[in-house]
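Raw contents of model.pdb, PDB, C-alpha atoms and all ligand atoms:
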ATOM      1  CA  MET Q 189     188.481  73.511 177.985  1.00  0.00           C
ATOM      2  CA  VAL Q 190     189.858  72.898 181.437  1.00  0.00           C
ATOM      3  CA  SER Q 191     188.627  69.805 183.263  1.00  0.00           C
ATOM      4  CA  THR Q 192     188.176  69.542 187.024  1.00  0.00           C
ATOM      5  CA  ARG Q 193     191.186  67.219 187.049  1.00  0.00           C
ATOM      6  CA  ASP Q 194     193.204  70.034 185.415  1.00  0.00           C
ATOM      7  CA  LEU Q 195     191.806  72.411 188.008  1.00  0.00           C
ATOM      8  CA  LEU Q 196     193.288  70.311 190.818  1.00  0.00           C
ATOM      9  CA  ILE Q 197     196.671  70.349 189.062  1.00  0.00           C
ATOM     10  CA  ILE Q 198     196.447  74.133 188.641  1.00  0.00           C
ATOM     11  CA  LEU Q 199     195.660  74.567 192.340  1.00  0.00           C
ATOM     12  CA  LYS Q 200     198.673  72.447 193.216  1.00  0.00           C
ATOM     13  CA  ARG Q 201     200.834  74.677 191.036  1.00  0.00           C
ATOM     14  CA  ILE Q 202     199.419  77.804 192.645  1.00  0.00           C
ATOM     15  CA  SER Q 203     200.243  76.371 196.034  1.00  0.00           C
ATOM     16  CA  ALA Q 204     203.831  75.632 194.941  1.00  0.00           C
ATOM     17  CA  ARG Q 205     204.342  79.130 193.508  1.00  0.00           C
ATOM     18  CA  ILE Q 206     202.984  80.745 196.674  1.00  0.00           C
ATOM     19  CA  GLU Q 207     205.322  78.621 198.783  1.00  0.00           C
ATOM     20  CA  GLU Q 208     208.306  79.595 196.568  1.00  0.00           C
ATOM     21  CA  ASN Q 209     207.414  83.272 196.959  1.00  0.00           C
ATOM     22  CA  LYS Q 210     206.532  83.134 200.647  1.00  0.00           C
ATOM     23  CA  GLN Q 211     209.541  85.153 201.798  1.00  0.00           C
ATOM     24  CA  TRP Q 212     209.159  87.795 199.094  1.00  0.00           C
ATOM     25  CA  LEU Q 213     205.462  88.312 199.880  1.00  0.00           C
ATOM     26  CA  THR Q 214     206.259  88.590 203.560  1.00  0.00           C
ATOM     27  CA  ASP Q 215     209.051  91.084 202.878  1.00  0.00           C
ATOM     28  CA  LEU Q 216     206.680  93.222 200.785  1.00  0.00           C
ATOM     29  CA  ASP Q 217     204.281  93.271 203.730  1.00  0.00           C
ATOM     30  CA  ARG Q 218     206.995  94.608 206.074  1.00  0.00           C
ATOM     31  CA  PRO Q 219     207.129  98.344 205.239  1.00  0.00           C
ATOM     32  CA  ILE Q 220     203.380  98.779 204.727  1.00  0.00           C
ATOM     33  CA  GLY Q 221     201.929  95.982 206.837  1.00  0.00           C
ATOM     34  CA  ASP Q 222     202.824  93.428 209.485  1.00  0.00           C
ATOM     35  CA  SER Q 223     205.182  91.064 207.632  1.00  0.00           C
ATOM     36  CA  ASP Q 224     202.823  88.127 207.343  1.00  0.00           C
ATOM     37  CA  HIS Q 225     201.314  88.064 203.839  1.00  0.00           C
ATOM     38  CA  GLY Q 226     203.581  85.296 202.543  1.00  0.00           C
ATOM     39  CA  ILE Q 227     203.185  83.303 205.739  1.00  0.00           C
ATOM     40  CA  ASN Q 228     199.399  83.699 205.583  1.00  0.00           C
ATOM     41  CA  MET Q 229     199.135  82.710 201.932  1.00  0.00           C
ATOM     42  CA  ALA Q 230     201.524  79.761 202.238  1.00  0.00           C
ATOM     43  CA  ARG Q 231     199.644  78.437 205.248  1.00  0.00           C
ATOM     44  CA  GLY Q 232     196.316  78.712 203.446  1.00  0.00           C
ATOM     45  CA  PHE Q 233     197.429  77.131 200.195  1.00  0.00           C
ATOM     46  CA  GLY Q 234     199.314  74.444 202.137  1.00  0.00           C
ATOM     47  CA  GLU Q 235     195.973  73.482 203.689  1.00  0.00           C
ATOM     48  CA  VAL Q 236     194.289  73.684 200.272  1.00  0.00           C
ATOM     49  CA  GLU Q 237     196.867  71.263 198.893  1.00  0.00           C
ATOM     50  CA  LYS Q 238     196.003  68.731 201.600  1.00  0.00           C
ATOM     51  CA  LYS Q 239     192.345  68.851 200.517  1.00  0.00           C
ATOM     52  CA  LEU Q 240     193.044  68.268 196.803  1.00  0.00           C
ATOM     53  CA  PRO Q 241     193.180  64.429 196.820  1.00  0.00           C
ATOM     54  CA  GLY Q 242     189.716  64.347 198.418  1.00  0.00           C
ATOM     55  CA  LEU Q 243     188.349  66.571 195.639  1.00  0.00           C
ATOM     56  CA  GLU Q 244     189.060  64.146 192.773  1.00  0.00           C
ATOM     57  CA  GLY Q 245     185.955  63.689 190.650  1.00  0.00           C
ATOM     58  CA  LYS Q 246     184.091  66.640 192.173  1.00  0.00           C
ATOM     59  CA  ASP Q 247     182.614  69.462 190.072  1.00  0.00           C
ATOM     60  CA  ALA Q 248     184.373  72.816 189.671  1.00  0.00           C
ATOM     61  CA  GLY Q 249     181.974  74.588 192.024  1.00  0.00           C
ATOM     62  CA  THR Q 250     182.635  72.136 194.852  1.00  0.00           C
ATOM     63  CA  VAL Q 251     186.395  72.347 194.292  1.00  0.00           C
ATOM     64  CA  LEU Q 252     186.548  76.150 194.370  1.00  0.00           C
ATOM     65  CA  LYS Q 253     184.088  76.498 197.237  1.00  0.00           C
ATOM     66  CA  THR Q 254     186.211  74.087 199.277  1.00  0.00           C
ATOM     67  CA  VAL Q 255     189.322  76.113 198.414  1.00  0.00           C
ATOM     68  CA  GLY Q 256     187.551  79.297 199.520  1.00  0.00           C
ATOM     69  CA  MET Q 257     186.327  77.865 202.803  1.00  0.00           C
ATOM     70  CA  THR Q 258     189.770  76.465 203.530  1.00  0.00           C
ATOM     71  CA  LEU Q 259     191.375  79.865 202.950  1.00  0.00           C
ATOM     72  CA  VAL Q 260     188.824  81.629 205.128  1.00  0.00           C
ATOM     73  CA  SER Q 261     189.345  79.210 207.994  1.00  0.00           C
ATOM     74  CA  THR Q 262     193.133  78.844 207.858  1.00  0.00           C
ATOM     75  CA  VAL Q 263     194.517  82.198 206.718  1.00  0.00           C
ATOM     76  CA  GLY Q 264     194.848  84.827 209.380  1.00  0.00           C
ATOM     77  CA  GLY Q 265     194.669  88.469 208.413  1.00  0.00           C
ATOM     78  CA  SER Q 266     192.521  90.116 205.816  1.00  0.00           C
ATOM     79  CA  ALA Q 267     193.830  88.214 202.803  1.00  0.00           C
ATOM     80  CA  GLY Q 268     192.203  84.937 203.979  1.00  0.00           C
ATOM     81  CA  PRO Q 269     188.598  86.153 204.004  1.00  0.00           C
ATOM     82  CA  LEU Q 270     189.227  88.208 200.840  1.00  0.00           C
ATOM     83  CA  TYR Q 271     190.762  85.427 198.755  1.00  0.00           C
ATOM     84  CA  GLY Q 272     188.402  82.970 200.449  1.00  0.00           C
ATOM     85  CA  SER Q 273     185.277  84.810 199.370  1.00  0.00           C
ATOM     86  CA  ALA Q 274     186.774  85.305 195.897  1.00  0.00           C
ATOM     87  CA  PHE Q 275     187.219  81.538 195.444  1.00  0.00           C
ATOM     88  CA  MET Q 276     183.802  80.798 196.952  1.00  0.00           C
ATOM     89  CA  LYS Q 277     182.009  83.206 194.610  1.00  0.00           C
ATOM     90  CA  ALA Q 278     183.996  81.913 191.637  1.00  0.00           C
ATOM     91  CA  GLY Q 279     182.893  78.403 192.670  1.00  0.00           C
ATOM     92  CA  MET Q 280     179.262  79.479 192.834  1.00  0.00           C
ATOM     93  CA  ALA Q 281     179.563  80.873 189.302  1.00  0.00           C
ATOM     94  CA  LEU Q 282     180.928  77.569 187.987  1.00  0.00           C
ATOM     95  CA  GLY Q 283     178.366  75.417 189.829  1.00  0.00           C
ATOM     96  CA  ASP Q 284     178.232  71.796 188.722  1.00  0.00           C
ATOM     97  CA  LYS Q 285     180.398  72.281 185.625  1.00  0.00           C
ATOM     98  CA  THR Q 286     183.135  69.729 185.073  1.00  0.00           C
ATOM     99  CA  GLU Q 287     184.597  71.451 181.995  1.00  0.00           C
ATOM    100  CA  ILE Q 288     185.526  75.120 182.198  1.00  0.00           C
ATOM    101  CA  SER Q 289     185.504  77.274 179.055  1.00  0.00           C
ATOM    102  CA  MET Q 290     187.242  80.650 178.734  1.00  0.00           C
ATOM    103  CA  ALA Q 291     183.853  82.340 179.088  1.00  0.00           C
ATOM    104  CA  ASP Q 292     183.235  80.379 182.316  1.00  0.00           C
ATOM    105  CA  PHE Q 293     186.673  81.340 183.608  1.00  0.00           C
ATOM    106  CA  LEU Q 294     186.075  85.037 182.926  1.00  0.00           C
ATOM    107  CA  GLU Q 295     182.664  84.873 184.590  1.00  0.00           C
ATOM    108  CA  ALA Q 296     184.281  83.229 187.629  1.00  0.00           C
ATOM    109  CA  CYS Q 297     186.938  85.989 187.695  1.00  0.00           C
ATOM    110  CA  ASP Q 298     184.204  88.612 187.502  1.00  0.00           C
ATOM    111  CA  GLN Q 299     182.557  87.103 190.565  1.00  0.00           C
ATOM    112  CA  ALA Q 300     185.895  86.905 192.362  1.00  0.00           C
ATOM    113  CA  VAL Q 301     186.499  90.620 191.830  1.00  0.00           C
ATOM    114  CA  LEU Q 302     182.985  91.376 193.017  1.00  0.00           C
ATOM    115  CA  ALA Q 303     183.530  89.267 196.132  1.00  0.00           C
ATOM    116  CA  VAL Q 304     186.707  91.164 197.054  1.00  0.00           C
ATOM    117  CA  LYS Q 305     185.014  94.504 196.444  1.00  0.00           C
ATOM    118  CA  GLN Q 306     182.080  93.536 198.670  1.00  0.00           C
ATOM    119  CA  ARG Q 307     184.071  91.871 201.428  1.00  0.00           C
ATOM    120  CA  GLY Q 308     186.802  94.522 201.411  1.00  0.00           C
ATOM    121  CA  LYS Q 309     184.475  97.473 200.827  1.00  0.00           C
ATOM    122  CA  SER Q 310     187.132  98.503 198.366  1.00  0.00           C
ATOM    123  CA  ASP Q 311     187.626  99.390 194.730  1.00  0.00           C
ATOM    124  CA  ALA Q 312     190.351 100.158 192.202  1.00  0.00           C
ATOM    125  CA  GLY Q 313     192.978 102.719 193.195  1.00  0.00           C
ATOM    126  CA  GLU Q 314     193.184 101.863 196.914  1.00  0.00           C
ATOM    127  CA  LYS Q 315     196.499  99.977 196.710  1.00  0.00           C
ATOM    128  CA  THR Q 316     195.078  96.482 197.179  1.00  0.00           C
ATOM    129  CA  MET Q 317     194.876  93.192 195.310  1.00  0.00           C
ATOM    130  CA  LEU Q 318     192.052  94.753 193.278  1.00  0.00           C
ATOM    131  CA  ASP Q 319     194.628  96.943 191.516  1.00  0.00           C
ATOM    132  CA  ALA Q 320     195.990  93.776 189.914  1.00  0.00           C
ATOM    133  CA  MET Q 321     192.710  91.852 189.622  1.00  0.00           C
ATOM    134  CA  ILE Q 322     190.663  94.546 187.882  1.00  0.00           C
ATOM    135  CA  PRO Q 323     193.116  95.427 185.068  1.00  0.00           C
ATOM    136  CA  ALA Q 324     193.887  91.726 184.543  1.00  0.00           C
ATOM    137  CA  LEU Q 325     190.218  90.903 184.154  1.00  0.00           C
ATOM    138  CA  GLN Q 326     189.507  93.892 181.899  1.00  0.00           C
ATOM    139  CA  THR Q 327     192.407  92.979 179.636  1.00  0.00           C
ATOM    140  CA  MET Q 328     191.381  89.324 179.454  1.00  0.00           C
ATOM    141  CA  LYS Q 329     187.804  90.245 178.573  1.00  0.00           C
ATOM    142  CA  GLU Q 330     189.000  92.523 175.773  1.00  0.00           C
ATOM    143  CA  ALA Q 331     191.343  89.853 174.436  1.00  0.00           C
ATOM    144  CA  GLU Q 332     188.514  87.323 174.478  1.00  0.00           C
ATOM    145  CA  LYS Q 333     186.264  89.714 172.559  1.00  0.00           C
ATOM    146  CA  GLN Q 334     188.986  90.048 169.948  1.00  0.00           C
ATOM    147  CA  GLY Q 335     188.911  86.273 169.567  1.00  0.00           C
ATOM    148  CA  GLU Q 336     192.395  85.592 170.967  1.00  0.00           C
ATOM    149  CA  ALA Q 337     193.454  82.075 171.948  1.00  0.00           C
ATOM    150  CA  PRO Q 338     193.250  81.132 175.662  1.00  0.00           C
ATOM    151  CA  LYS Q 339     197.022  81.206 176.121  1.00  0.00           C
ATOM    152  CA  ILE Q 340     197.242  84.732 174.687  1.00  0.00           C
ATOM    153  CA  ILE Q 341     194.297  85.871 176.791  1.00  0.00           C
ATOM    154  CA  LEU Q 342     196.004  84.605 179.940  1.00  0.00           C
ATOM    155  CA  LYS Q 343     199.361  86.053 178.910  1.00  0.00           C
ATOM    156  CA  LYS Q 344     197.861  89.492 178.401  1.00  0.00           C
ATOM    157  CA  GLY Q 345     196.031  89.176 181.709  1.00  0.00           C
ATOM    158  CA  VAL Q 346     199.239  88.322 183.549  1.00  0.00           C
ATOM    159  CA  GLU Q 347     201.048  91.275 181.952  1.00  0.00           C
ATOM    160  CA  ALA Q 348     198.227  93.626 182.950  1.00  0.00           C
ATOM    161  CA  SER Q 349     198.250  92.176 186.449  1.00  0.00           C
ATOM    162  CA  TRP Q 350     201.999  92.826 186.923  1.00  0.00           C
ATOM    163  CA  ALA Q 351     201.591  96.313 185.444  1.00  0.00           C
ATOM    164  CA  GLY Q 352     198.877  96.823 188.059  1.00  0.00           C
ATOM    165  CA  VAL Q 353     201.307  95.722 190.774  1.00  0.00           C
ATOM    166  CA  GLU Q 354     203.889  98.221 189.515  1.00  0.00           C
ATOM    167  CA  ALA Q 355     201.249 100.966 189.574  1.00  0.00           C
ATOM    168  CA  THR Q 356     200.417 100.249 193.237  1.00  0.00           C
ATOM    169  CA  LYS Q 357     203.833 101.748 194.116  1.00  0.00           C
ATOM    170  CA  GLU Q 358     202.478 105.214 193.362  1.00  0.00           C
ATOM    171  CA  LEU Q 359     199.202 104.724 195.222  1.00  0.00           C
ATOM    172  CA  ILE Q 360     198.360 105.760 198.776  1.00  0.00           C
ATOM    173  CA  ALA Q 361     196.526 102.957 200.557  1.00  0.00           C
ATOM    174  CA  THR Q 362     193.071 103.754 201.841  1.00  0.00           C
ATOM    175  CA  LYS Q 363     192.105 100.206 202.924  1.00  0.00           C
ATOM    176  CA  GLY Q 364     193.711  97.580 205.110  1.00  0.00           C
ATOM    177  CA  ARG Q 365     196.816  97.904 207.289  1.00  0.00           C
ATOM    178  CA  ALA Q 366     198.732  99.776 204.584  1.00  0.00           C
ATOM    179  CA  SER Q 367     196.352 102.704 205.112  1.00  0.00           C
ATOM    180  CA  TYR Q 368     198.003 103.254 208.520  1.00  0.00           C
ATOM    181  CA  VAL Q 369     201.277 104.251 206.861  1.00  0.00           C
ATOM    182  CA  GLY Q 370     199.523 106.420 204.271  1.00  0.00           C
ATOM    183  CA  GLU Q 371     201.917 108.471 202.160  1.00  0.00           C
ATOM    184  CA  ARG Q 372     204.941 106.718 203.614  1.00  0.00           C
ATOM    185  CA  GLY Q 373     203.847 103.662 201.633  1.00  0.00           C
ATOM    186  CA  ILE Q 374     204.598 105.380 198.329  1.00  0.00           C
ATOM    187  CA  GLY Q 375     207.285 103.421 196.498  1.00  0.00           C
ATOM    188  CA  CYS Q 376     206.123 100.115 198.015  1.00  0.00           C
ATOM    189  CA  GLN Q 377     204.198  97.618 195.923  1.00  0.00           C
ATOM    190  CA  ASP Q 378     201.117  95.980 197.389  1.00  0.00           C
ATOM    191  CA  PRO Q 379     201.667  92.419 198.678  1.00  0.00           C
ATOM    192  CA  GLY Q 380     198.126  91.253 197.852  1.00  0.00           C
ATOM    193  CA  ALA Q 381     198.334  92.548 194.278  1.00  0.00           C
ATOM    194  CA  THR Q 382     201.642  90.689 194.013  1.00  0.00           C
ATOM    195  CA  SER Q 383     200.232  87.391 195.315  1.00  0.00           C
ATOM    196  CA  PHE Q 384     197.328  87.656 192.890  1.00  0.00           C
ATOM    197  CA  SER Q 385     199.748  88.109 189.981  1.00  0.00           C
ATOM    198  CA  ILE Q 386     201.738  85.065 191.112  1.00  0.00           C
ATOM    199  CA  LEU Q 387     198.503  83.099 191.229  1.00  0.00           C
ATOM    200  CA  LEU Q 388     197.372  84.135 187.743  1.00  0.00           C
ATOM    201  CA  GLU Q 389     200.848  83.518 186.362  1.00  0.00           C
ATOM    202  CA  ALA Q 390     200.714  79.979 187.789  1.00  0.00           C
ATOM    203  CA  VAL Q 391     197.584  79.371 185.687  1.00  0.00           C
ATOM    204  CA  LEU Q 392     199.349  80.735 182.588  1.00  0.00           C
ATOM    205  CA  ASN Q 393     202.439  78.597 183.235  1.00  0.00           C
ATOM    206  CA  TRP Q 394     200.277  75.504 183.550  1.00  0.00           C
ATOM    207  CA  MET Q 395     198.678  76.357 180.187  1.00  0.00           C
ATOM    208  CA  GLU Q 396     202.059  76.920 178.535  1.00  0.00           C
ATOM    209  CA  ASP Q 397     203.390  73.569 179.786  1.00  0.00           C
ATOM    210  CA  ARG Q 398     200.257  71.689 178.806  1.00  0.00           C
ATOM    211  CA  VAL Q 399     200.900  69.282 175.960  1.00  0.00           C
TER     212      VAL Q 399
HETATM  213  P1  LIG Q 401     196.733  91.698 206.932  1.00  0.00           P
HETATM  214  O1  LIG Q 401     196.742  93.006 206.231  1.00  0.00           O
HETATM  215  O2  LIG Q 401     195.526  91.493 207.770  1.00  0.00           O
HETATM  216  O3  LIG Q 401     198.023  91.428 207.652  1.00  0.00           O
HETATM  217  P2  LIG Q 401     197.715  90.163 204.710  1.00  0.00           P
HETATM  218  O4  LIG Q 401     199.018  90.763 205.033  1.00  0.00           O
HETATM  219  O5  LIG Q 401     197.701  88.671 204.525  1.00  0.00           O
HETATM  220  O6  LIG Q 401     196.618  90.566 205.772  1.00  0.00           O
HETATM  221  O7  LIG Q 401     197.147  90.784 203.361  1.00  0.00           O
HETATM  222  C1  LIG Q 401     197.348  92.127 203.021  1.00  0.00           C
HETATM  223  C2  LIG Q 401     196.779  92.364 201.635  1.00  0.00           C
HETATM  224  O8  LIG Q 401     195.356  92.257 201.662  1.00  0.00           O
HETATM  225  C3  LIG Q 401     197.057  93.767 201.123  1.00  0.00           C
HETATM  226  O9  LIG Q 401     198.293  93.803 200.469  1.00  0.00           O
HETATM  227  C4  LIG Q 401     195.883  94.032 200.181  1.00  0.00           C
HETATM  228  O10 LIG Q 401     196.173  93.633 198.857  1.00  0.00           O
HETATM  229  C5  LIG Q 401     194.799  93.140 200.717  1.00  0.00           C
HETATM  230  N1  LIG Q 401     193.760  93.913 201.376  1.00  0.00           N
HETATM  231  C6  LIG Q 401     193.737  94.366 202.640  1.00  0.00           C
HETATM  232  N2  LIG Q 401     192.584  95.020 202.887  1.00  0.00           N
HETATM  233  C7  LIG Q 401     191.859  94.991 201.744  1.00  0.00           C
HETATM  234  C8  LIG Q 401     190.571  95.483 201.345  1.00  0.00           C
HETATM  235  N3  LIG Q 401     189.779  96.139 202.190  1.00  0.00           N
HETATM  236  N4  LIG Q 401     190.173  95.248 200.071  1.00  0.00           N
HETATM  237  C9  LIG Q 401     190.949  94.564 199.206  1.00  0.00           C
HETATM  238  N5  LIG Q 401     192.155  94.070 199.529  1.00  0.00           N
HETATM  239  C10 LIG Q 401     192.618  94.293 200.766  1.00  0.00           C
HETATM  240 MG    MG Q 402     199.859  91.494 206.729  1.00  0.00          MG
END
Take the structure in the file and write it out as structure tokens.
Amino acid sequence: MVSTRDLLIILKRISARIEENKQWLTDLDRPIGDSDHGINMARGFGEVEKKLPGLEGKDAGTVLKTVGMTLVSTVGGSAGPLYGSAFMKAGMALGDKTEISMADFLEACDQAVLAVKQRGKSDAGEKTMLDAMIPALQTMKEAEKQGEAPKIILKKGVEASWAGVEATKELIATKGRASYVGERGIGCQDPGATSFSILLEAVLNWMEDRV
């Protein structure tokens, strides 16, 4: 079980990992975008971090909805509304829970994927963050069905997410700015799929360090 207090710590870790990878994410957005993904994400999660102290004692739904609204209002570009609606929908799924089980987490991830699909009018295979999110979620669901421990479930999810990132190199973007470069984007990995993998890995790392 993950408490809402843990959730705030996880969000802080996500924010730190995004900040550490700001330059890389921006560099990835150069050949197929407008060189701002890392800047966008770091700005958004920097604002999220400022809100965390005020979220002590709040339920998981309130925490994640606040994160989502903060991302929507502070992140320029398409990633803000996409990640923002993902966190908001995940928050709606968790509602007034103060303890999050693996089943709750997977349900929240399901809603997050749905939110990106709806907001982005996109699906798997379009060289977007979904190409990391969807395989990660599928893998985690399968691992849960097999009765794996939470740490293993997350580890498998992170591996699938990075494999998804690798696979975006061969895809031709049909959504977002990367679609403007079309075939010339082959060989480049998607920045949004990369930031999602960093985010999920931050959750795994928190779990691994937990005593
Ligand atoms: P912008 O493209 O507006 O500059 P960012 O650079 O912050 O915004 O984010 C780009 C990332 O957003 C892409 O790498 C991709 O993963 C994701 N993205 C863009 N459009 C869509 C979409 N329609 N559906 C899903 N993800 C998308
Ligand atoms: Mg960009």
Original post:
Counting all atoms listed in the file, what is within 8 Å of region 219-226 of chain Q, bar same-chain residues fewer than 3 positions away, as a PyMOL selection string?
Top reply: chain Q and resi 206-207+209-216+229-230+267+365-366+368-369+373+376+379-380
Restricted to C-alpha atoms, what would the selected residues look like written as a short mmCIF file (atom, residue, chain, number, x, y, z; two decimals), in the frame of the given file?
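Generated file (selection.cif):
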data_model
loop_
_atom_site.label_atom_id
_atom_site.label_comp_id
_atom_site.auth_asym_id
_atom_site.auth_seq_id
_atom_site.Cartn_x
_atom_site.Cartn_y
_atom_site.Cartn_z
CA ILE Q 206 202.98 80.74 196.67
CA GLU Q 207 205.32 78.62 198.78
CA ASN Q 209 207.41 83.27 196.96
CA LYS Q 210 206.53 83.13 200.65
CA GLN Q 211 209.54 85.15 201.80
CA TRP Q 212 209.16 87.80 199.09
CA LEU Q 213 205.46 88.31 199.88
CA THR Q 214 206.26 88.59 203.56
CA ASP Q 215 209.05 91.08 202.88
CA LEU Q 216 206.68 93.22 200.78
CA MET Q 229 199.14 82.71 201.93
CA ALA Q 230 201.52 79.76 202.24
CA ALA Q 267 193.83 88.21 202.80
CA ARG Q 365 196.82 97.90 207.29
CA ALA Q 366 198.73 99.78 204.58
CA TYR Q 368 198.00 103.25 208.52
CA VAL Q 369 201.28 104.25 206.86
CA GLY Q 373 203.85 103.66 201.63
CA CYS Q 376 206.12 100.12 198.02
CA PRO Q 379 201.67 92.42 198.68
CA GLY Q 380 198.13 91.25 197.85
#
**OP:** Pick out the residues no farther than 10 Å from ligand LIG 401 (chain Q), counting all atoms listed in the file, and list them as a ChimeraX atom specification.
**Re:** /Q:213-214,216-218,220-230,263-271,301,303-312,314-320,353,356,361-367,377-384
Subject >> Resolved residues for the PyMOL selection byres (((chain Q and resi 332) around 12) and not hetatm) as a list of chain:residue names >> reply: Q:Ser289, Q:Met290, Q:Ala291, Q:Asp292, Q:Phe293, Q:Leu294, Q:Glu295, Q:Leu325, Q:Gln326, Q:Thr327, Q:Met328, Q:Lys329, Q:Glu330, Q:Ala331, Q:Lys333, Q:Gln334, Q:Gly335, Q:Glu336, Q:Ala337, Q:Pro338, Q:Lys339, Q:Ile340, Q:Ile341, Q:Leu342, Q:Lys343, Q:Lys344, Q:Gly345
Original post:
Could you state the separation of CA of Leu196 (chain Q) and CA of Ser349 (chain Q) in Å, given to one decimal place?
Top reply: 22.8 Å
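Going from CA of Glu389 (chain Q) to CA of Lys200 (chain Q) covers 13.2 Å.
Our summary of the geometry notes that CA of Gly245 (chain Q) is positioned 22.9 Å from CA of Ser273 (chain Q).
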Original post:
So which residues get picked by the PyMOL selection byres (((chain Q and resi 238) around 12) and not hetatm) here, written as a PyMOL selection string?
Top reply: chain Q and resi 196+199-200+203+231-237+239-243+254-255+258
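Using the PyMOL selection byres (((chain Q and resi 252) around 9) and not hetatm) on the file at hand returns these residues: Q:Asp247, Q:Ala248, Q:Gly249, Q:Thr250, Q:Val251, Q:Lys253, Q:Thr254, Q:Val255, Q:Gly256, Q:Met257, Q:Phe275, Q:Met276, Q:Lys277, Q:Ala278, Q:Gly279, Q:Met280, Q:Leu282.
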Please enclose the listed atoms of region 209-214 of chain Q in an axis-aligned box, pad each side by 5 Å, and write out the centre and the three edge lengths in Å, rounded to one decimal, as lines of an AutoDock Vina configuration file.
center_x = 207.5
center_y = 85.9
center_z = 200.3
size_x = 14.1
size_y = 15.5
size_z = 16.6
Would you mind completing region 357-371 of chain Q to N, CA and C atoms and writing the output as a CSV table (one decimal), in the coordinates of the input?
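rebuild_14.csv was written with the following content:
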chain,number,residue,atom,x,y,z
Q,357,LYS,N,202.7,101.0,193.5
Q,357,LYS,CA,203.8,101.7,194.1
Q,357,LYS,C,203.5,103.2,194.3
Q,358,GLU,N,202.8,103.8,193.3
Q,358,GLU,CA,202.5,105.2,193.4
Q,358,GLU,C,201.2,105.5,194.1
Q,359,LEU,N,200.5,104.5,194.6
Q,359,LEU,CA,199.2,104.7,195.2
Q,359,LEU,C,199.3,104.9,196.7
Q,360,ILE,N,198.4,105.6,197.3
Q,360,ILE,CA,198.4,105.8,198.8
Q,360,ILE,C,197.2,104.9,199.2
Q,361,ALA,N,197.5,103.9,200.1
Q,361,ALA,CA,196.5,103.0,200.6
Q,361,ALA,C,195.4,103.6,201.4
Q,362,THR,N,194.2,103.2,201.1
Q,362,THR,CA,193.1,103.8,201.8
Q,362,THR,C,192.3,102.6,202.5
Q,363,LYS,N,192.7,101.4,202.3
Q,363,LYS,CA,192.1,100.2,202.9
Q,363,LYS,C,193.2,99.3,203.5
Q,364,GLY,N,192.8,98.6,204.5
Q,364,GLY,CA,193.7,97.6,205.1
Q,364,GLY,C,194.8,98.2,205.9
Q,365,ARG,N,195.7,97.4,206.4
Q,365,ARG,CA,196.8,97.9,207.3
Q,365,ARG,C,197.7,99.0,206.6
Q,366,ALA,N,197.9,98.8,205.3
Q,366,ALA,CA,198.7,99.8,204.6
Q,366,ALA,C,198.2,101.2,204.7
Q,367,SER,N,196.9,101.3,205.0
Q,367,SER,CA,196.4,102.7,205.1
Q,367,SER,C,196.9,103.4,206.3
Q,368,TYR,N,197.4,102.6,207.3
Q,368,TYR,CA,198.0,103.3,208.5
Q,368,TYR,C,199.3,104.0,208.2
Q,369,VAL,N,200.0,103.6,207.2
Q,369,VAL,CA,201.3,104.3,206.9
Q,369,VAL,C,201.0,105.4,205.8
Q,370,GLY,N,199.9,105.3,205.2
Q,370,GLY,CA,199.5,106.4,204.3
Q,370,GLY,C,200.6,106.7,203.2
Q,371,GLU,N,201.0,108.0,203.2
Q,371,GLU,CA,201.9,108.5,202.2
Q,371,GLU,C,203.3,107.8,202.3
